Amino acid sequence: MSIARNSKYMESKVLTASQPQLHLMLLEGAVRFGQRALQEGADDQRAAETDQLLVRLLNIVEELSRSTSGRDSEISVQLEEEYAFLYRELTAARVNLDLPKLEKCLEILSYQRDTWKQACEQMEFAADTSTSKSVLPPLDHSAMPESPSSFSLDA
């Protein structure tokens, strides 16, 4: 029952998210799978689980790369190159079970996640600020009638 509720919540969250929020969700998933792969990779008995986690991580990085490819902006080109680099490094880490290489890739992904998180928060703040301005314009106090010198809460 709880799994179905969580699944519906996640589906709703994805369907209502903006593009930057979706990008952030992908980065959060990549970091989560990478950290779990680091933990599992420390145990030689869990090589199959580590490999599955790394495959999921690679799939996410591939999707991140795809989401930035073909765009002309300088930042998109830089991100595409960075994701291509991460994909190559993570593939090598998977093939060789190179945990230090995986750890370095996770540092980059964590930095990106934190940056995207800040950007999303700033965008939400800007949207909230612009919404509140349009809904509640500033009061013109000169047009307000004078307030009575006293009032009563008695009805």
# chains A, B, ... in the order shown; residues from 1 in each chain; ligands from 1
$ residues_around --residues "segment 21-35 of chain A" --least-positions-apart "4" --cutoff "6 Å" --atoms "only C-alpha atoms" --output "MDAnalysis selection string"
chainID A and resid 17 53 57 113 116
$ residues_around --residues "Leu97 of chain A" --least-positions-apart "5" --cutoff "10 Å" --atoms "only C-alpha atoms" --output "PyMOL selection string"
chain A and resi 37-38+41-42+47+50-51+54+90-92+102
$ atom_distance --atom1 "atom CA of Tyr87 of chain A" --atom2 "atom CA of Val61 of chain A"
6.3 Å
$ residues_around --residues "segment 79-84 of chain A" --least-positions-apart "2" --cutoff "8 Å" --atoms "only C-alpha atoms" --output "VMD selection string"
chain A and resid 61 to 62 64 to 66 68 to 69 75 to 77 86 to 88
